[in-house]
>>> print(open('input-v3.cif').read())   # mmCIF, C-alpha atoms
data_model
loop_
_atom_site.group_PDB
_atom_site.id
_atom_site.type_symbol
_atom_site.label_atom_id
_atom_site.label_comp_id
_atom_site.auth_asym_id
_atom_site.auth_seq_id
_atom_site.Cartn_x
_atom_site.Cartn_y
_atom_site.Cartn_z
ATOM 1 C CA MET M 7 53.024 48.147 87.506
ATOM 2 C CA ILE M 8 53.962 46.121 84.442
ATOM 3 C CA ILE M 9 55.924 47.688 81.583
ATOM 4 C CA SER M 10 55.241 46.366 78.061
ATOM 5 C CA ALA M 11 58.173 46.962 75.719
ATOM 6 C CA SER M 12 56.397 46.692 73.368
ATOM 7 C CA ARG M 13 53.432 45.447 71.361
ATOM 8 C CA ARG M 14 53.825 48.498 69.108
ATOM 9 C CA THR M 15 57.437 48.062 68.002
ATOM 10 C CA ASP M 16 60.520 45.907 68.551
ATOM 11 C CA ILE M 17 62.324 47.851 71.274
ATOM 12 C CA PRO M 18 65.053 45.230 71.916
ATOM 13 C CA ALA M 19 65.952 45.141 68.211
ATOM 14 C CA PHE M 20 65.904 48.852 67.379
ATOM 15 C CA TYR M 21 65.466 51.057 70.445
ATOM 16 C CA SER M 22 67.242 49.430 73.370
ATOM 17 C CA ASP M 23 69.653 52.397 73.767
ATOM 18 C CA TRP M 24 66.670 54.722 74.152
ATOM 19 C CA PHE M 25 64.911 52.303 76.488
ATOM 20 C CA MET M 26 67.911 52.113 78.808
ATOM 21 C CA GLU M 27 68.288 55.905 78.768
ATOM 22 C CA GLN M 28 64.721 56.191 80.067
ATOM 23 C CA ILE M 29 65.270 53.430 82.632
ATOM 24 C CA ARG M 30 68.283 55.307 83.978
ATOM 25 C CA LYS M 31 66.276 58.532 84.117
ATOM 26 C CA GLY M 32 63.454 56.671 85.835
ATOM 27 C CA ILE M 33 60.690 57.959 83.596
ATOM 28 C CA PHE M 34 58.894 57.202 80.326
ATOM 29 C CA TYR M 35 56.828 59.727 78.403
ATOM 30 C CA ARG M 36 54.068 58.380 76.217
ATOM 31 C CA LYS M 37 51.668 59.884 73.740
ATOM 32 C CA ASN M 38 48.151 58.598 73.509
ATOM 33 C CA PRO M 39 48.059 57.411 69.864
ATOM 34 C CA TYR M 40 44.501 58.698 69.484
ATOM 35 C CA ASN M 41 44.660 62.209 70.967
ATOM 36 C CA ASN M 42 48.417 62.892 71.449
ATOM 37 C CA GLU M 43 47.927 63.467 75.156
ATOM 38 C CA ILE M 44 51.291 63.179 76.924
ATOM 39 C CA ILE M 45 51.482 60.826 79.881
ATOM 40 C CA SER M 46 54.438 60.399 82.210
ATOM 41 C CA THR M 47 55.225 57.102 83.921
ATOM 42 C CA PHE M 48 57.841 56.924 86.655
ATOM 43 C CA VAL M 49 59.723 53.639 86.850
ATOM 44 C CA SER M 50 61.985 52.043 89.420
ATOM 45 C CA PRO M 51 62.638 48.501 90.640
ATOM 46 C CA ASP M 52 60.289 49.244 93.550
ATOM 47 C CA THR M 53 57.371 50.439 91.392
ATOM 48 C CA THR M 54 57.857 48.084 88.434
ATOM 49 C CA ASP M 55 56.771 44.493 89.004
ATOM 50 C CA VAL M 56 58.092 43.177 85.716
ATOM 51 C CA ILE M 57 59.092 44.282 82.204
ATOM 52 C CA VAL M 58 57.719 42.297 79.260
ATOM 53 C CA PHE M 59 59.869 42.474 76.137
ATOM 54 C CA TRP M 60 58.425 41.607 72.721
ATOM 55 C CA THR M 61 61.038 40.913 70.072
ATOM 56 C CA ARG M 62 62.283 39.069 67.035
ATOM 57 C CA ASN M 63 65.905 39.963 67.663
ATOM 58 C CA PRO M 64 67.312 40.830 71.134
ATOM 59 C CA GLN M 65 70.969 40.653 70.082
ATOM 60 C CA ASN M 66 71.564 44.361 70.630
ATOM 61 C CA MET M 67 70.411 44.203 74.243
ATOM 62 C CA MET M 68 72.492 41.115 74.852
ATOM 63 C CA ARG M 69 75.648 42.430 73.172
ATOM 64 C CA LYS M 70 75.581 45.745 75.062
ATOM 65 C CA GLY M 71 75.043 44.121 78.445
ATOM 66 C CA TYR M 72 71.685 45.815 79.012
ATOM 67 C CA LEU M 73 70.064 42.714 80.454
ATOM 68 C CA ASN M 74 72.798 42.393 83.040
ATOM 69 C CA GLU M 75 72.356 46.085 83.836
ATOM 70 C CA LEU M 76 68.613 45.655 84.322
ATOM 71 C CA THR M 77 69.227 42.691 86.588
ATOM 72 C CA ASP M 78 71.839 44.589 88.613
ATOM 73 C CA LEU M 79 69.394 47.493 88.999
ATOM 74 C CA GLY M 80 66.826 45.068 90.391
ATOM 75 C CA TYR M 81 64.373 44.848 87.491
ATOM 76 C CA LYS M 82 62.617 41.598 86.630
ATOM 77 C CA TYR M 83 61.726 40.793 83.018
ATOM 78 C CA TYR M 84 60.772 38.134 80.529
ATOM 79 C CA PHE M 85 60.657 37.863 76.753
ATOM 80 C CA GLN M 86 57.948 37.163 74.213
ATOM 81 C CA TYR M 87 60.243 35.969 71.417
ATOM 82 C CA THR M 88 58.732 35.534 67.942
ATOM 83 C CA ILE M 89 60.201 33.005 65.524
ATOM 84 C CA THR M 90 58.019 32.148 62.531
ATOM 85 C CA GLY M 91 60.582 31.166 59.913
ATOM 86 C CA TYR M 92 58.330 31.357 56.866
ATOM 87 C CA GLN M 93 61.168 32.371 54.508
ATOM 88 C CA ILE M 94 58.672 32.895 51.685
ATOM 89 C CA LYS M 95 59.247 35.503 48.980
ATOM 90 C CA SER M 96 56.723 37.115 46.668
ATOM 91 C CA ASP M 97 57.256 37.504 42.932
ATOM 92 C CA SER M 98 58.473 41.032 43.644
ATOM 93 C CA GLY M 99 61.235 39.639 45.882
ATOM 94 C CA CYS M 100 59.783 40.672 49.255
ATOM 95 C CA ASN M 101 60.257 38.322 52.206
ATOM 96 C CA ILE M 102 56.992 37.896 54.106
ATOM 97 C CA ASP M 103 59.019 38.053 57.359
ATOM 98 C CA GLY M 104 60.787 41.186 56.174
ATOM 99 C CA SER M 105 64.343 41.640 57.400
ATOM 100 C CA THR M 106 63.966 39.508 60.521
ATOM 101 C CA PRO M 107 66.839 37.117 61.226
ATOM 102 C CA HIS M 108 66.987 33.795 59.403
ATOM 103 C CA PRO M 109 65.171 31.212 61.568
ATOM 104 C CA LEU M 110 68.373 29.293 62.298
ATOM 105 C CA LYS M 111 70.031 32.491 63.510
ATOM 106 C CA ALA M 112 66.929 33.394 65.513
ATOM 107 C CA ILE M 113 66.955 29.984 67.180
ATOM 108 C CA GLU M 114 70.658 30.342 67.979
ATOM 109 C CA THR M 115 70.026 33.714 69.624
ATOM 110 C CA PHE M 116 66.993 32.341 71.486
ATOM 111 C CA ASN M 117 69.087 29.531 72.928
ATOM 112 C CA LYS M 118 71.884 31.911 73.939
ATOM 113 C CA LEU M 119 69.359 34.142 75.663
ATOM 114 C CA ALA M 120 67.877 31.121 77.441
ATOM 115 C CA ASP M 121 71.331 30.257 78.754
ATOM 116 C CA GLU M 122 71.824 33.856 79.913
ATOM 117 C CA ILE M 123 68.544 34.589 81.695
ATOM 118 C CA GLY M 124 66.913 31.167 82.107
ATOM 119 C CA VAL M 125 64.531 29.470 79.711
ATOM 120 C CA ASP M 126 61.642 29.968 82.146
ATOM 121 C CA LYS M 127 61.777 33.690 81.252
ATOM 122 C CA LEU M 128 61.342 33.006 77.553
ATOM 123 C CA ILE M 129 58.152 32.323 75.611
ATOM 124 C CA TRP M 130 58.370 31.246 71.980
ATOM 125 C CA ARG M 131 55.715 32.908 69.843
ATOM 126 C CA PHE M 132 54.909 30.999 66.666
ATOM 127 C CA ASP M 133 52.566 33.663 65.462
ATOM 128 C CA PRO M 134 50.862 34.706 63.455
ATOM 129 C CA ILE M 135 50.011 31.499 61.617
ATOM 130 C CA ILE M 136 49.351 32.415 57.989
ATOM 131 C CA VAL M 137 47.872 30.247 55.265
ATOM 132 C CA ASN M 138 47.414 31.674 51.769
ATOM 133 C CA ASP M 139 48.370 30.928 48.175
ATOM 134 C CA ASP M 140 52.034 31.474 49.072
ATOM 135 C CA ILE M 141 52.101 29.477 52.328
ATOM 136 C CA PRO M 142 50.399 26.057 52.160
ATOM 137 C CA LYS M 143 49.175 24.509 55.389
ATOM 138 C CA GLU M 144 51.820 21.761 55.107
ATOM 139 C CA HIS M 145 54.559 24.399 55.251
ATOM 140 C CA ILE M 146 53.275 25.600 58.623
ATOM 141 C CA LEU M 147 53.775 22.169 60.152
ATOM 142 C CA LYS M 148 57.178 21.735 58.529
ATOM 143 C CA ILE M 149 58.626 24.919 59.990
ATOM 144 C CA PHE M 150 56.962 24.391 63.376
ATOM 145 C CA SER M 151 58.617 20.980 63.527
ATOM 146 C CA LEU M 152 62.040 22.293 62.497
ATOM 147 C CA ILE M 153 61.987 25.098 65.056
ATOM 148 C CA SER M 154 60.727 22.736 67.763
ATOM 149 C CA GLN M 155 63.595 20.339 67.077
ATOM 150 C CA ASN M 156 66.262 23.004 67.472
ATOM 151 C CA ILE M 157 64.968 25.340 70.159
ATOM 152 C CA ASN M 158 65.976 24.894 73.813
ATOM 153 C CA PRO M 159 64.546 21.503 74.893
ATOM 154 C CA GLU M 160 63.606 22.868 78.330
ATOM 155 C CA LEU M 161 61.211 25.443 76.832
ATOM 156 C CA LYS M 162 57.769 25.155 78.427
ATOM 157 C CA ARG M 163 55.537 27.663 76.623
ATOM 158 C CA VAL M 164 54.713 28.082 72.937
ATOM 159 C CA VAL M 165 52.117 30.652 71.891
ATOM 160 C CA ILE M 166 50.234 30.527 68.597
ATOM 161 C CA SER M 167 47.708 32.834 66.984
ATOM 162 C CA PHE M 168 46.025 33.095 63.606
ATOM 163 C CA LEU M 169 46.491 36.172 61.456
ATOM 164 C CA ASP M 170 43.656 38.668 61.841
ATOM 165 C CA ASP M 171 42.760 40.042 58.440
ATOM 166 C CA TYR M 172 42.701 43.729 59.347
ATOM 167 C CA GLN M 173 42.317 46.056 56.372
ATOM 168 C CA LYS M 174 45.804 47.496 56.765
ATOM 169 C CA VAL M 175 47.244 43.969 57.013
ATOM 170 C CA SER M 176 45.655 42.932 53.718
ATOM 171 C CA THR M 177 46.723 46.208 52.130
ATOM 172 C CA ASN M 178 50.348 45.774 53.182
ATOM 173 C CA MET M 179 50.414 42.154 52.054
ATOM 174 C CA LYS M 180 49.016 43.130 48.679
ATOM 175 C CA LYS M 181 51.621 45.894 48.327
ATOM 176 C CA THR M 182 54.419 43.400 48.882
ATOM 177 C CA GLY M 183 52.977 40.874 46.441
ATOM 178 C CA PHE M 184 51.357 38.347 48.773
ATOM 179 C CA SER M 185 47.851 36.963 48.451
ATOM 180 C CA ARG M 186 45.152 37.548 51.026
ATOM 181 C CA PRO M 187 45.355 35.213 54.043
ATOM 182 C CA VAL M 188 42.780 32.518 54.703
ATOM 183 C CA ASP M 189 40.500 33.322 57.637
ATOM 184 C CA LEU M 190 41.197 30.191 59.652
ATOM 185 C CA ILE M 191 38.406 30.907 62.134
ATOM 186 C CA TYR M 192 35.752 31.105 59.416
ATOM 187 C CA PRO M 193 33.567 27.927 59.481
ATOM 188 C CA ALA M 194 34.147 27.195 55.787
ATOM 189 C CA ASN M 195 37.876 26.762 56.538
ATOM 190 C CA LYS M 196 37.354 24.312 59.389
ATOM 191 C CA GLU M 197 39.143 21.496 57.522
ATOM 192 C CA ILE M 198 42.315 23.574 57.166
ATOM 193 C CA LEU M 199 42.174 24.616 60.811
ATOM 194 C CA ASN M 200 41.713 21.019 61.994
ATOM 195 C CA PHE M 201 44.659 19.910 59.845
ATOM 196 C CA LEU M 202 46.871 22.535 61.460
ATOM 197 C CA LEU M 203 45.733 21.878 65.025
ATOM 198 C CA ASN M 204 46.103 18.114 64.701
ATOM 199 C CA GLY M 205 49.563 18.574 63.214
ATOM 200 C CA LEU M 206 50.799 21.104 65.753
ATOM 201 C CA THR M 207 49.683 19.058 68.750
ATOM 202 C CA SER M 208 51.102 15.869 67.264
ATOM 203 C CA ILE M 209 54.508 17.508 66.775
ATOM 204 C CA ASN M 210 54.438 19.023 70.243
ATOM 205 C CA LEU M 211 53.920 15.613 71.890
ATOM 206 C CA ASN M 212 57.618 14.986 71.262
ATOM 207 C CA TYR M 213 58.683 17.677 73.713
ATOM 208 C CA ASN M 214 57.857 16.522 77.225
ATOM 209 C CA ASP M 215 56.032 19.231 79.182
ATOM 210 C CA ARG M 216 56.017 21.870 76.442
ATOM 211 C CA GLN M 217 52.546 23.399 76.300
ATOM 212 C CA ILE M 218 50.888 25.189 73.369
ATOM 213 C CA TYR M 219 48.792 28.242 74.219
ATOM 214 C CA THR M 220 46.717 30.597 72.107
ATOM 215 C CA CYS M 221 46.913 34.373 72.030
ATOM 216 C CA ALA M 222 43.746 36.484 71.727
ATOM 217 C CA GLU M 223 41.653 33.791 70.038
ATOM 218 C CA SER M 224 37.941 33.491 70.715
ATOM 219 C CA ILE M 225 37.638 29.806 69.767
ATOM 220 C CA ASP M 226 37.992 26.937 72.235
ATOM 221 C CA LEU M 227 40.903 24.652 71.315
ATOM 222 C CA THR M 228 41.085 22.623 74.524
ATOM 223 C CA GLN M 229 40.110 19.421 72.684
ATOM 224 C CA TRP M 230 43.574 19.671 71.095
ATOM 225 C CA ASN M 231 45.134 20.376 74.510
ATOM 226 C CA ILE M 232 45.801 23.943 73.396
ATOM 227 C CA LYS M 233 45.044 26.298 76.256
ATOM 228 C CA PRO M 234 44.016 29.959 76.157
ATOM 229 C CA SER M 235 46.642 32.259 77.600
ATOM 230 C CA LYS M 236 47.574 35.817 78.405
ATOM 231 C CA CYS M 237 50.814 37.180 77.020
ATOM 232 C CA ILE M 238 50.999 39.389 80.091
ATOM 233 C CA ASP M 239 49.836 36.712 82.495
ATOM 234 C CA ASP M 240 49.378 37.212 86.230
ATOM 235 C CA GLN M 241 49.704 33.469 86.951
ATOM 236 C CA TYR M 242 52.859 33.105 84.853
ATOM 237 C CA ILE M 243 54.396 36.125 86.608
ATOM 238 C CA LYS M 244 53.566 34.601 89.981
ATOM 239 C CA ASP M 245 55.009 31.204 88.999
ATOM 240 C CA VAL M 246 58.261 32.597 87.580
ATOM 241 C CA PHE M 247 58.943 35.596 89.821
ATOM 242 C CA GLY M 248 56.833 34.951 92.898
ATOM 243 C CA ILE M 249 55.029 38.260 92.370
ATOM 244 C CA LYS M 250 51.306 38.733 92.782
ATOM 245 C CA VAL M 251 49.946 41.317 90.342
ATOM 246 C CA SER M 252 46.450 42.540 89.604
ATOM 247 C CA ARG M 253 44.303 40.213 87.500
ATOM 248 C CA ALA M 254 42.382 43.142 86.011
ATOM 249 C CA LYS M 255 42.101 42.899 82.234
ATOM 250 C CA ASP M 256 43.868 45.508 80.135
ATOM 251 C CA GLN M 257 40.929 47.440 78.709
ATOM 252 C CA GLY M 258 43.095 48.893 75.960
ATOM 253 C CA GLN M 259 43.433 45.515 74.248
ATOM 254 C CA ARG M 260 41.108 43.513 71.994
ATOM 255 C CA LYS M 261 38.093 41.787 73.492
ATOM 256 C CA ALA M 262 39.635 38.337 73.035
ATOM 257 C CA CYS M 263 42.886 39.430 74.675
ATOM 258 C CA GLY M 264 43.165 38.293 78.287
ATOM 259 C CA CYS M 265 46.296 40.240 79.203
ATOM 260 C CA VAL M 266 46.381 41.992 82.539
ATOM 261 C CA LYS M 267 46.913 45.736 82.692
ATOM 262 C CA SER M 268 50.286 47.130 81.634
ATOM 263 C CA VAL M 269 51.906 50.346 80.438
ATOM 264 C CA ASP M 270 53.139 50.117 76.846
ATOM 265 C CA VAL M 271 56.112 52.414 76.220
ATOM 266 C CA GLY M 272 56.411 51.829 72.467
ATOM 267 C CA MET M 273 55.072 53.762 69.492
ATOM 268 C CA TYR M 274 53.407 52.632 66.274
ATOM 269 C CA ASN M 275 55.093 53.063 62.876
ATOM 270 C CA THR M 276 58.605 52.652 64.249
ATOM 271 C CA CYS M 277 59.423 48.971 63.624
ATOM 272 C CA ILE M 278 61.581 48.407 60.530
ATOM 273 C CA HIS M 279 61.503 44.614 60.350
ATOM 274 C CA ASN M 280 59.032 45.170 57.468
ATOM 275 C CA CYS M 281 57.013 41.998 58.005
ATOM 276 C CA ALA M 282 54.339 41.997 55.297
ATOM 277 C CA TYR M 283 51.574 41.176 57.799
ATOM 278 C CA CYS M 284 52.474 43.698 60.528
ATOM 279 C CA TYR M 285 49.535 45.426 62.206
ATOM 280 C CA ALA M 286 51.657 47.982 64.107
ATOM 281 C CA THR M 287 53.331 49.549 61.071
ATOM 282 C CA GLN M 288 51.011 51.040 58.511
ATOM 283 C CA GLU M 289 53.644 52.382 56.107
ATOM 284 C CA LYS M 290 57.161 50.967 55.997
ATOM 285 C CA GLU M 291 58.454 54.241 54.514
ATOM 286 C CA THR M 292 57.089 56.136 57.517
ATOM 287 C CA ALA M 293 58.652 53.648 59.924
ATOM 288 C CA LEU M 294 62.024 53.906 58.186
ATOM 289 C CA GLN M 295 61.943 57.709 58.307
ATOM 290 C CA ASN M 296 61.018 57.627 61.987
ATOM 291 C CA TYR M 297 63.903 55.254 62.639
ATOM 292 C CA LYS M 298 66.358 57.524 60.811
ATOM 293 C CA GLU M 299 65.231 60.520 62.877
ATOM 294 C CA HIS M 300 65.278 58.612 66.155
ATOM 295 C CA ASP M 301 67.382 60.118 68.950
ATOM 296 C CA LYS M 302 68.119 57.895 71.928
ATOM 297 C CA SER M 303 68.201 60.941 74.222
ATOM 298 C CA SER M 304 64.709 62.048 73.164
ATOM 299 C CA PRO M 305 61.827 61.391 75.590
ATOM 300 C CA PHE M 306 60.004 59.625 72.743
ATOM 301 C CA ILE M 307 61.015 57.008 70.215
ATOM 302 C CA ILE M 308 59.812 59.426 67.534
ATOM 303 C CA LYS M 309 61.575 62.704 68.217
ATOM 304 C CA ASP M 310 59.230 65.600 68.936
ATOM 305 C CA ASN M 311 60.850 69.017 68.548
ATOM 306 C CA HIS M 312 57.776 70.665 70.065
ATOM 307 C CA PHE M 313 57.786 68.611 73.251
ATOM 308 C CA ASN M 314 57.483 70.696 76.394
ATOM 309 C CA LEU M 315 57.811 69.079 79.809
ATOM 310 C CA ASN M 316 55.146 71.421 81.170
ATOM 311 C CA ASN M 317 52.708 70.907 78.343
ATOM 312 C CA ARG M 318 49.779 68.504 78.612
ATOM 313 C CA ILE M 319 51.421 65.962 80.880
ATOM 314 C CA ILE M 320 49.248 63.894 83.212
#
>>> encode(input="input-v3.cif", output="structure tokens")
Amino acid sequence: MIISASRRTDIPAFYSDWFMEQIRKGIFYRKNPYNNEIISTFVSPDTTDVIVFWTRNPQNMMRKGYLNELTDLGYKYYFQYTITGYQIKSDSGCNIDGSTPHPLKAIETFNKLADEIGVDKLIWRFDPIIVNDDIPKEHILKIFSLISQNINPELKRVVISFLDDYQKVSTNMKKTGFSRPVDLIYPANKEILNFLLNGLTSINLNYNDRQIYTCAESIDLTQWNIKPSKCIDDQYIKDVFGIKVSRAKDQGQRKACGCVKSVDVGMYNTCIHNCAYCYATQEKETALQNYKEHDKSSPFIIKDNHFNLNNRII
């Protein structure tokens, strides 16, 4: 079993106390986001192949010694670590990356984490790539180059993706004063896409064996030496940890997603980074209220006063 922590929220940044409480108890309770069915998942080093953390800021886990505790307990894990570094503000004063750490601070933390757990257990996510009236295509290459220059030189994997223009994404961007993103996969925008791909691969040539991969993209970019990947990747897990896991696709993910099956223990509308383009948080006010009401001893990230251990658990 693989634990995803989490595509739905930044557990290392905001809910690591709760996560470790559940690890110590040996169980996670989840609600199906579509029908509220309660599902219990028992966890232990023997039943859990690997934990995949998704984060923009793991400092809390590092500072509190939780990673050492996980290691001592016998858990294996790796990090999907997002650093975009847009640092673009709208006329209303909103940062498109919300309250995420400044890119230089994020890089510093990334490098400290690499020293602590090994750079092979870290994947840099430069995603999503956004081009609109506020972010010219040249800016994308500038920040990719700056991050590449300063991030751990032994890093092997960089993952990119292009922003999917979901309705709630466009709505949230509009609310925060940003223009609608360019659909980079649309044929009419091929020139912009080619500019970006040529630039990214040219920059990446400076970094030895560092490979660029795509996440959940349907287009073939192999002519730019950009390979399709799985964020939860059976081959990567085998290479890094020597563990053979099922190659079965996670049916709960998008069609273009190649990730193998995992159990996601996060909940939507709980991340308070407030990135303008977030797909997992529909209303930042709701997320903030959920965060304020969060109780690390609760079975769920969002406290449920009506939760009954004998009620609707499978």
>>> residues_near_point(input="input-v3.cif", point="(60.5, 37.7, 64.5)", cutoff="7 Å", atoms="only C-alpha atoms", output="tab-separated table (two decimals) with C-alpha atoms, in the frame of the given file")
chain	number	residue	atom	x	y	z
M	61	THR	CA	61.04	40.91	70.07
M	62	ARG	CA	62.28	39.07	67.04
M	63	ASN	CA	65.90	39.96	67.66
M	88	THR	CA	58.73	35.53	67.94
M	89	ILE	CA	60.20	33.01	65.52
M	90	THR	CA	58.02	32.15	62.53
M	106	THR	CA	63.97	39.51	60.52
>>> resolve_selection(input="input-v3.cif", expression="the PyMOL selection byres ((chain M and resi 97-103) around 12)", output="ChimeraX atom specification")
/M:62,88-96,104-109,133-138,140-141,175,178-185,187,278-284
>>> resolve_selection(input="input-v3.cif", expression="the PyMOL selection byres ((chain M and resi 287-297) around 8)", output="list in words")
Lys174, Asn178, Tyr274, Asn275, Thr276, Cys277, Ile278, Asn280, Cys284, Tyr285, Ala286, Lys298, Glu299, His300 and Ile308 of chain M
>>> write_last_selection(input="input-v3.cif", atoms="C-alpha atoms", output="CSV table (one decimal), in the coordinates of the input")
chain,number,residue,atom,x,y,z
M,174,LYS,CA,45.8,47.5,56.8
M,178,ASN,CA,50.3,45.8,53.2
M,274,TYR,CA,53.4,52.6,66.3
M,275,ASN,CA,55.1,53.1,62.9
M,276,THR,CA,58.6,52.7,64.2
M,277,CYS,CA,59.4,49.0,63.6
M,278,ILE,CA,61.6,48.4,60.5
M,280,ASN,CA,59.0,45.2,57.5
M,284,CYS,CA,52.5,43.7,60.5
M,285,TYR,CA,49.5,45.4,62.2
M,286,ALA,CA,51.7,48.0,64.1
M,298,LYS,CA,66.4,57.5,60.8
M,299,GLU,CA,65.2,60.5,62.9
M,300,HIS,CA,65.3,58.6,66.2
M,308,ILE,CA,59.8,59.4,67.5
>>> atom_distance(input="input-v3.cif", atom1="CA of Ala11 (chain M)", atom2="CA of Phe85 (chain M)")
9.5 Å
>>> atom_distance(input="input-v3.cif", atom1="CA of Ile113 (chain M)", atom2="CA of Arg216 (chain M)")
16.5 Å
>>> residues_around(input="input-v3.cif", residues="Arg163 (chain M)", least_positions_apart="6", cutoff="9 Å", atoms="all atoms listed in the file", output="ChimeraX atom specification")
/M:126,128-131,215-219
>>> write_last_selection(input="input-v3.cif", atoms="C-alpha atoms", output="PDB file, in the frame of the given file")
ATOM      1  CA  ASP M 126      61.642  29.968  82.146  1.00  0.00           C
ATOM      2  CA  LEU M 128      61.342  33.006  77.553  1.00  0.00           C
ATOM      3  CA  ILE M 129      58.152  32.323  75.611  1.00  0.00           C
ATOM      4  CA  TRP M 130      58.370  31.246  71.980  1.00  0.00           C
ATOM      5  CA  ARG M 131      55.715  32.908  69.843  1.00  0.00           C
ATOM      6  CA  ASP M 215      56.032  19.231  79.182  1.00  0.00           C
ATOM      7  CA  ARG M 216      56.017  21.870  76.442  1.00  0.00           C
ATOM      8  CA  GLN M 217      52.546  23.399  76.300  1.00  0.00           C
ATOM      9  CA  ILE M 218      50.888  25.189  73.369  1.00  0.00           C
ATOM     10  CA  TYR M 219      48.792  28.242  74.219  1.00  0.00           C
TER      11      TYR M 219
END
>>> residues_around(input="input-v3.cif", residues="region 194-201 of chain M", least_positions_apart="4", cutoff="9 Å", atoms="all atoms listed in the file", output="list of chain:residue names")
M:Val137, M:Lys143, M:Glu144, M:Val188, M:Asp189, M:Leu190, M:Gly205, M:Leu206
>>> closest_residue(input="input-v3.cif", among="M:Asp55, M:Asp16, M:Glu43, M:Asp78", to="Lys250 (chain M)", atoms="all atoms listed in the file")
M:Asp55
